[in-house]
Amino acid sequence: MIPAEFDYVRAGSVEEALSLLAQHGDEAKLLAGGHSLLPLMKLRMAVPGVLVDIGGLAELRYVRVEADEVAIGALTRDNELHTSTVAQAEVPLLAHVAGQVGDPQVRARGTLGGSLVHGDAASDLPTAVLALGGTLVVQGPQGTRTVAATEFFRGFFETAVGEDEMLVEVRVPRTGHLGWGYEKFTRRANDWPIIAAAAVDGRVALANMGPTVLRATATEQALAGGASIADAAALADEGTSPTADMHASQDYRRHLARELTRRALESAAAG
Ligand SMILES: Cc1cc2nc3c(=O)[nH]c(=O)nc-3n(C[C@H](O)[C@H](O)[C@H](O)COP(=O)(O)OP(=O)(O)OC[C@H]3O[C@@H](n4cnc5c(N)ncnc54)[C@H](O)[C@@H]3O)c2cc1C
């Protein structure tokens with residue numbers, strides 16, 4: 001399908017991108033890797049009048065250690081994150097999950113920031129960032145603010161980034177020495193998770209168990225209280241609201257959440 005007509009402008013800096021957003025208001029959309037936005041435009045589910053292309057902003061493509069955190073530029077591509085030696089050593093869960101997104105073509109262009117701001121509950125990188133207890137750095141006309149990952153995903157495809165703002169950086173704790181686990185269930189290769197579970201440092205996040213990625217808080221509390229992995233994982237779907245579709249019933253999703261949580265926690269415990 002062919003998208004509706006739009007104007008295209010390439011931003012040369014973060015400041016220019018923000019000023020273009022301010023100029024065009026809700027007519028404008030940022031374009032990073034285009035792997036979520038362009039399909040929506042082809043289906044006419046998004047009809048922006050102006051695309052502000054930020055994909056060329058090299059200043060937002062980095063993975064570096066800063067004190068006890070790893071800072072990742074929002075425009076870092078999935079494959080860059082997956083192959084980053086810094087990410088592999090310091091935050092291996094995230095490096096691994098970046099390699100689980102789609103196929104090589106998607107990973108070559110898709111960005112960490114784009115995946116987070118798109119806010120699909122069935123996506124890999126948001127689940128990992130949530131499990132890691134990450135912080136998101138958002139820049140806008142009023143300056144820069146930070147948002148905890150737990151506050152970032154607001155609702156169905158809705159995040160804390162305003163129409164005149166841009167996600168510029170993602171910060172996650174250095175977890176290099178800690179065990180972690182990531183379990184993703186799909187019906188075919190290179191696909192979005194039907195359910196995924198990420199576990200690290202006593203935190204567990206789930207994909208596709210509600211309108212946003214979410215933390216399995218009952219499991220986390222049980223673990224903190226000394227429960228066994230099996231007992232804690234059995235609570236993974238508590239408080240969640242999975243939908244039923246052609247791929248899985250609600251009950252099957254709940255079963256997957258419990259099972260994948262158990263496996264992810266066992267991987268984390270094995271170190
Ligand atoms: C064939 C295919 C398979 C896929 N498989 C998977 C999969 O297995 N797992 C998975 O998780 N995802 C999958 N995806 C989705 C995809 O990986 C991500 O959603 C996508 O890469 C988003 O990043 P992007 O840079 O392409 O964002 P874009 O499509 O450019 O943008 C997405 C949205 O975010 C906004 N945006 C982008 N960057 C910023 C920013 N820095 N600040 C503010 N707003 C911003 C845009 O305006 C837009 O609304 C798949 C996609 C395709 C096409």
# chains A, B, ... in the order shown; residues from 1 in each chain; ligands from 1
$ residues_around --residues "Arg188 in chain A" --least-positions-apart "3" --cutoff "12 Å" --atoms "only C-alpha atoms" --output "PyMOL selection string"
chain A and resi 102-103+184-185+191-194+247
$ write_last_selection --atoms "C-alpha atoms" --output "PDB file, in the first residue's frame"
ATOM      1  CA  GLY A 102      12.909  -9.058  13.752  1.00  0.00           C
ATOM      2  CA  ASP A 103      15.310  -9.964  10.978  1.00  0.00           C
ATOM      3  CA  LYS A 184      10.642 -15.104  23.822  1.00  0.00           C
ATOM      4  CA  PHE A 185       7.863 -17.237  22.388  1.00  0.00           C
ATOM      5  CA  ASP A 191       8.639 -12.167  14.731  1.00  0.00           C
ATOM      6  CA  TRP A 192       7.277 -10.130  17.624  1.00  0.00           C
ATOM      7  CA  PRO A 193       6.829 -12.045  20.870  1.00  0.00           C
ATOM      8  CA  ILE A 194       3.476 -13.646  21.598  1.00  0.00           C
ATOM      9  CA  HIS A 247      -2.258 -16.582  18.004  1.00  0.00           C
TER      10      HIS A 247
END
$ select_by_dssp --residues "range 48-110 of chain A" --states "strand (DSSP E or B)" --output "ChimeraX atom specification"
/A:50-53,63-66,69-73,77
$ atom_distance --atom1 "CA of Thr212 in chain A" --atom2 "CA of Leu18 in chain A"
26.3 Å
$ closest_residue --among "A:Gly114, A:Gly99, A:Gly134, A:Pro141" --to "Ser36 in chain A" --atoms "only C-alpha atoms"
A:Gly114
$ residues_near_ligand --ligand "ligand 1" --cutoff "6 Å" --atoms "only C-alpha atoms and all ligand atoms" --output "list in words"
Lys29, Leu30, Leu31, Ala32, Gly33, Gly34, His35, Ser36, Leu37, Ala74, Val101, Gly102, Val106, Gly110, Thr111, Gly113, Gly114, Ser115, Val117, His118, Ser123, Asp124, Leu125, Met166, Leu167, Val168, Asn190, Asp191 and Trp192 of chain A
$ write_last_selection --atoms "N, CA and C atoms" --output "PDB file, in the first residue's frame"
ATOM      1  N   LYS A  29       5.837  14.188  12.400  1.00  0.00           N
ATOM      2  CA  LYS A  29       6.247  12.956  13.088  1.00  0.00           C
ATOM      3  C   LYS A  29       7.736  12.785  12.871  1.00  0.00           C
ATOM      4  N   LEU A  30       8.429  12.333  13.912  1.00  0.00           N
ATOM      5  CA  LEU A  30       9.844  12.006  13.753  1.00  0.00           C
ATOM      6  C   LEU A  30       9.961  10.661  13.045  1.00  0.00           C
ATOM      7  N   LEU A  31      10.960  10.567  12.191  1.00  0.00           N
ATOM      8  CA  LEU A  31      11.258   9.307  11.495  1.00  0.00           C
ATOM      9  C   LEU A  31      12.662   8.873  11.907  1.00  0.00           C
ATOM     10  N   ALA A  32      12.761   7.713  12.550  1.00  0.00           N
ATOM     11  CA  ALA A  32      14.091   7.207  12.951  1.00  0.00           C
ATOM     12  C   ALA A  32      14.478   6.101  11.970  1.00  0.00           C
ATOM     13  N   GLY A  33      14.208   4.835  12.326  1.00  0.00           N
ATOM     14  CA  GLY A  33      14.502   3.746  11.386  1.00  0.00           C
ATOM     15  C   GLY A  33      13.351   3.467  10.429  1.00  0.00           C
ATOM     16  N   GLY A  34      12.170   3.931  10.797  1.00  0.00           N
ATOM     17  CA  GLY A  34      11.009   3.799   9.918  1.00  0.00           C
ATOM     18  C   GLY A  34      10.329   2.435   9.958  1.00  0.00           C
ATOM     19  N   HIS A  35      10.813   1.508  10.774  1.00  0.00           N
ATOM     20  CA  HIS A  35      10.267   0.151  10.725  1.00  0.00           C
ATOM     21  C   HIS A  35       8.946  -0.011  11.461  1.00  0.00           C
ATOM     22  N   SER A  36       8.544   0.966  12.219  1.00  0.00           N
ATOM     23  CA  SER A  36       7.196   0.957  12.785  1.00  0.00           C
ATOM     24  C   SER A  36       6.335   2.031  12.117  1.00  0.00           C
ATOM     25  N   LEU A  37       6.919   3.195  11.902  1.00  0.00           N
ATOM     26  CA  LEU A  37       6.126   4.311  11.381  1.00  0.00           C
ATOM     27  C   LEU A  37       5.688   4.070   9.931  1.00  0.00           C
ATOM     28  N   ALA A  74      19.596   7.410  21.597  1.00  0.00           N
ATOM     29  CA  ALA A  74      18.286   6.906  21.142  1.00  0.00           C
ATOM     30  C   ALA A  74      18.327   6.377  19.714  1.00  0.00           C
ATOM     31  N   VAL A 101      15.372  -8.947  17.815  1.00  0.00           N
ATOM     32  CA  VAL A 101      14.327  -8.143  17.153  1.00  0.00           C
ATOM     33  C   VAL A 101      14.289  -8.473  15.661  1.00  0.00           C
ATOM     34  N   GLY A 102      13.143  -8.904  15.191  1.00  0.00           N
ATOM     35  CA  GLY A 102      12.909  -9.058  13.752  1.00  0.00           C
ATOM     36  C   GLY A 102      14.018  -9.802  13.029  1.00  0.00           C
ATOM     37  N   VAL A 106      15.567  -5.463   9.671  1.00  0.00           N
ATOM     38  CA  VAL A 106      14.951  -4.633  10.715  1.00  0.00           C
ATOM     39  C   VAL A 106      16.027  -4.151  11.682  1.00  0.00           C
ATOM     40  N   GLY A 110      16.300  -0.325  12.472  1.00  0.00           N
ATOM     41  CA  GLY A 110      15.477  -0.017  13.643  1.00  0.00           C
ATOM     42  C   GLY A 110      16.347   0.504  14.779  1.00  0.00           C
ATOM     43  N   THR A 111      15.802   1.448  15.547  1.00  0.00           N
ATOM     44  CA  THR A 111      16.573   2.072  16.621  1.00  0.00           C
ATOM     45  C   THR A 111      15.971   1.743  17.993  1.00  0.00           C
ATOM     46  N   GLY A 113      15.545   3.879  20.395  1.00  0.00           N
ATOM     47  CA  GLY A 113      14.585   4.942  20.725  1.00  0.00           C
ATOM     48  C   GLY A 113      13.256   4.753  20.022  1.00  0.00           C
ATOM     49  N   GLY A 114      13.297   4.390  18.753  1.00  0.00           N
ATOM     50  CA  GLY A 114      12.065   4.195  17.983  1.00  0.00           C
ATOM     51  C   GLY A 114      11.217   3.090  18.583  1.00  0.00           C
ATOM     52  N   SER A 115      11.862   2.004  18.983  1.00  0.00           N
ATOM     53  CA  SER A 115      11.117   0.894  19.560  1.00  0.00           C
ATOM     54  C   SER A 115      10.460   1.316  20.875  1.00  0.00           C
ATOM     55  N   VAL A 117       9.667   4.477  21.919  1.00  0.00           N
ATOM     56  CA  VAL A 117       8.624   5.510  21.771  1.00  0.00           C
ATOM     57  C   VAL A 117       7.394   4.947  21.059  1.00  0.00           C
ATOM     58  N   HIS A 118       7.599   4.019  20.145  1.00  0.00           N
ATOM     59  CA  HIS A 118       6.461   3.381  19.472  1.00  0.00           C
ATOM     60  C   HIS A 118       5.551   2.738  20.526  1.00  0.00           C
ATOM     61  N   SER A 123       6.770  -5.841  22.223  1.00  0.00           N
ATOM     62  CA  SER A 123       8.094  -5.652  21.628  1.00  0.00           C
ATOM     63  C   SER A 123       9.207  -5.978  22.606  1.00  0.00           C
ATOM     64  N   ASP A 124      10.332  -6.321  22.025  1.00  0.00           N
ATOM     65  CA  ASP A 124      11.439  -6.897  22.793  1.00  0.00           C
ATOM     66  C   ASP A 124      12.202  -5.870  23.622  1.00  0.00           C
ATOM     67  N   LEU A 125      12.694  -4.807  22.965  1.00  0.00           N
ATOM     68  CA  LEU A 125      13.590  -3.884  23.676  1.00  0.00           C
ATOM     69  C   LEU A 125      12.913  -3.159  24.840  1.00  0.00           C
ATOM     70  N   MET A 166      11.497  14.730  22.145  1.00  0.00           N
ATOM     71  CA  MET A 166      12.253  13.668  21.492  1.00  0.00           C
ATOM     72  C   MET A 166      12.976  12.858  22.564  1.00  0.00           C
ATOM     73  N   LEU A 167      12.964  11.546  22.422  1.00  0.00           N
ATOM     74  CA  LEU A 167      13.785  10.704  23.298  1.00  0.00           C
ATOM     75  C   LEU A 167      15.220  10.796  22.796  1.00  0.00           C
ATOM     76  N   VAL A 168      16.146  11.149  23.680  1.00  0.00           N
ATOM     77  CA  VAL A 168      17.530  11.311  23.212  1.00  0.00           C
ATOM     78  C   VAL A 168      18.475  10.249  23.757  1.00  0.00           C
ATOM     79  N   ASN A 190      11.887 -14.564  13.562  1.00  0.00           N
ATOM     80  CA  ASN A 190      11.951 -13.135  13.201  1.00  0.00           C
ATOM     81  C   ASN A 190      10.654 -12.386  13.477  1.00  0.00           C
ATOM     82  N   ASP A 191       9.944 -12.785  14.501  1.00  0.00           N
ATOM     83  CA  ASP A 191       8.639 -12.167  14.731  1.00  0.00           C
ATOM     84  C   ASP A 191       8.571 -11.517  16.115  1.00  0.00           C
ATOM     85  N   TRP A 192       7.533 -10.724  16.314  1.00  0.00           N
ATOM     86  CA  TRP A 192       7.277 -10.130  17.624  1.00  0.00           C
ATOM     87  C   TRP A 192       6.941 -11.249  18.611  1.00  0.00           C
TER      88      TRP A 192
END
$ residues_around --residues "Ala222 in chain A" --least-positions-apart "5" --cutoff "8 Å" --atoms "only C-alpha atoms" --output "number ranges by chain"
A: 227, 231-232
$ residues_around --residues "Ala218 in chain A" --least-positions-apart "4" --cutoff "10 Å" --atoms "only C-alpha atoms" --output "PyMOL selection string"
chain A and resi 204+222-224+232-239
$ write_last_selection --atoms "C-alpha atoms" --output "CSV table (one decimal), in the first residue's frame"
chain,number,residue,atom,x,y,z
A,204,VAL,CA,10.9,-9.4,35.8
A,222,ALA,CA,7.6,-13.1,46.1
A,223,LEU,CA,11.3,-13.4,45.2
A,224,ALA,CA,12.2,-10.6,47.5
A,232,ALA,CA,7.3,-16.8,42.3
A,233,ALA,CA,7.0,-17.6,38.6
A,234,ALA,CA,3.5,-19.1,39.3
A,235,LEU,CA,2.4,-15.5,40.1
A,236,ALA,CA,3.7,-13.9,36.9
A,237,ASP,CA,0.3,-13.3,35.4
A,238,GLU,CA,-1.2,-11.8,38.5
A,239,GLY,CA,-2.7,-8.4,37.8
$ select_by_dssp --residues "range 37-235 of chain A" --states "alpha helix (DSSP H)" --output "PyMOL selection string"
chain A and resi 37-42+78-83+85-90+92-98+104-109+112-118+124-131+149-152+217-224+229-233
$ atom_distance --atom1 "CA of Leu81 in chain A" --atom2 "CA of Phe153 in chain A"
21.4 Å
$ residues_around --residues "range 178-180 of chain A" --least-positions-apart "5" --cutoff "9 Å" --atoms "only C-alpha atoms" --output "number ranges by chain"
A: 92-93, 198-201, 264-271
$ closest_residue --among "A:Gly176, A:Asp26, A:Met41, A:Gln250" --to "Thr85 in chain A" --atoms "only C-alpha atoms"
A:Gly176
$ residues_around --residues "Ala17 in chain A" --least-positions-apart "2" --cutoff "10 Å" --atoms "only C-alpha atoms" --output "VMD selection string"
chain A and resid 9 to 15 19 to 23 30 52 to 54 57 140 164 to 166
$ atom_distance --atom1 "CA of Ala122 in chain A" --atom2 "CA of Met209 in chain A"
8.3 Å
$ closest_residue --among "A:Val138, A:Ala58, A:Ala4, A:Asp120" --to "Leu38 in chain A" --atoms "only C-alpha atoms"
A:Ala4
$ residues_around --residues "Val137 in chain A" --least-positions-apart "2" --cutoff "7 Å" --atoms "only C-alpha atoms" --output "ChimeraX atom specification"
/A:135,139,144-147,167-170
$ write_last_selection --atoms "N, CA, C and O atoms" --output "PDB file, in the first residue's frame"
ATOM      1  N   THR A 135      16.246   4.302  32.669  1.00  0.00           N
ATOM      2  CA  THR A 135      15.757   5.682  32.739  1.00  0.00           C
ATOM      3  C   THR A 135      15.828   6.261  31.332  1.00  0.00           C
ATOM      4  O   THR A 135      16.807   6.027  30.616  1.00  0.00           O
ATOM      5  N   GLN A 139      14.070  15.135  25.595  1.00  0.00           N
ATOM      6  CA  GLN A 139      14.393  16.557  25.404  1.00  0.00           C
ATOM      7  C   GLN A 139      13.234  17.246  24.689  1.00  0.00           C
ATOM      8  O   GLN A 139      12.620  16.672  23.783  1.00  0.00           O
ATOM      9  N   THR A 144      15.586  19.272  29.240  1.00  0.00           N
ATOM     10  CA  THR A 144      15.700  17.814  29.294  1.00  0.00           C
ATOM     11  C   THR A 144      15.097  17.303  30.598  1.00  0.00           C
ATOM     12  O   THR A 144      15.257  17.923  31.645  1.00  0.00           O
ATOM     13  N   ARG A 145      14.385  16.181  30.523  1.00  0.00           N
ATOM     14  CA  ARG A 145      13.859  15.561  31.742  1.00  0.00           C
ATOM     15  C   ARG A 145      14.102  14.065  31.648  1.00  0.00           C
ATOM     16  O   ARG A 145      14.271  13.516  30.554  1.00  0.00           O
ATOM     17  N   THR A 146      14.137  13.411  32.804  1.00  0.00           N
ATOM     18  CA  THR A 146      14.325  11.960  32.803  1.00  0.00           C
ATOM     19  C   THR A 146      13.057  11.290  33.314  1.00  0.00           C
ATOM     20  O   THR A 146      12.386  11.803  34.212  1.00  0.00           O
ATOM     21  N   VAL A 147      12.762  10.157  32.719  1.00  0.00           N
ATOM     22  CA  VAL A 147      11.551   9.417  33.067  1.00  0.00           C
ATOM     23  C   VAL A 147      11.965   7.973  33.363  1.00  0.00           C
ATOM     24  O   VAL A 147      12.659   7.347  32.551  1.00  0.00           O
ATOM     25  N   LEU A 167      12.964  11.546  22.422  1.00  0.00           N
ATOM     26  CA  LEU A 167      13.785  10.704  23.298  1.00  0.00           C
ATOM     27  C   LEU A 167      15.220  10.796  22.796  1.00  0.00           C
ATOM     28  O   LEU A 167      15.469  10.568  21.603  1.00  0.00           O
ATOM     29  N   VAL A 168      16.146  11.149  23.680  1.00  0.00           N
ATOM     30  CA  VAL A 168      17.530  11.311  23.212  1.00  0.00           C
ATOM     31  C   VAL A 168      18.475  10.249  23.757  1.00  0.00           C
ATOM     32  O   VAL A 168      19.490   9.937  23.130  1.00  0.00           O
ATOM     33  N   GLU A 169      18.163   9.709  24.931  1.00  0.00           N
ATOM     34  CA  GLU A 169      19.105   8.745  25.518  1.00  0.00           C
ATOM     35  C   GLU A 169      18.367   7.762  26.418  1.00  0.00           C
ATOM     36  O   GLU A 169      17.340   8.098  27.016  1.00  0.00           O
ATOM     37  N   VAL A 170      18.932   6.574  26.503  1.00  0.00           N
ATOM     38  CA  VAL A 170      18.419   5.543  27.410  1.00  0.00           C
ATOM     39  C   VAL A 170      19.565   5.172  28.348  1.00  0.00           C
ATOM     40  O   VAL A 170      20.695   4.949  27.905  1.00  0.00           O
TER      41      VAL A 170
END
$ closest_residue --among "A:Asp7, A:Gly226, A:Val63, A:Leu132" --to "Leu75 in chain A" --atoms "only C-alpha atoms"
A:Val63
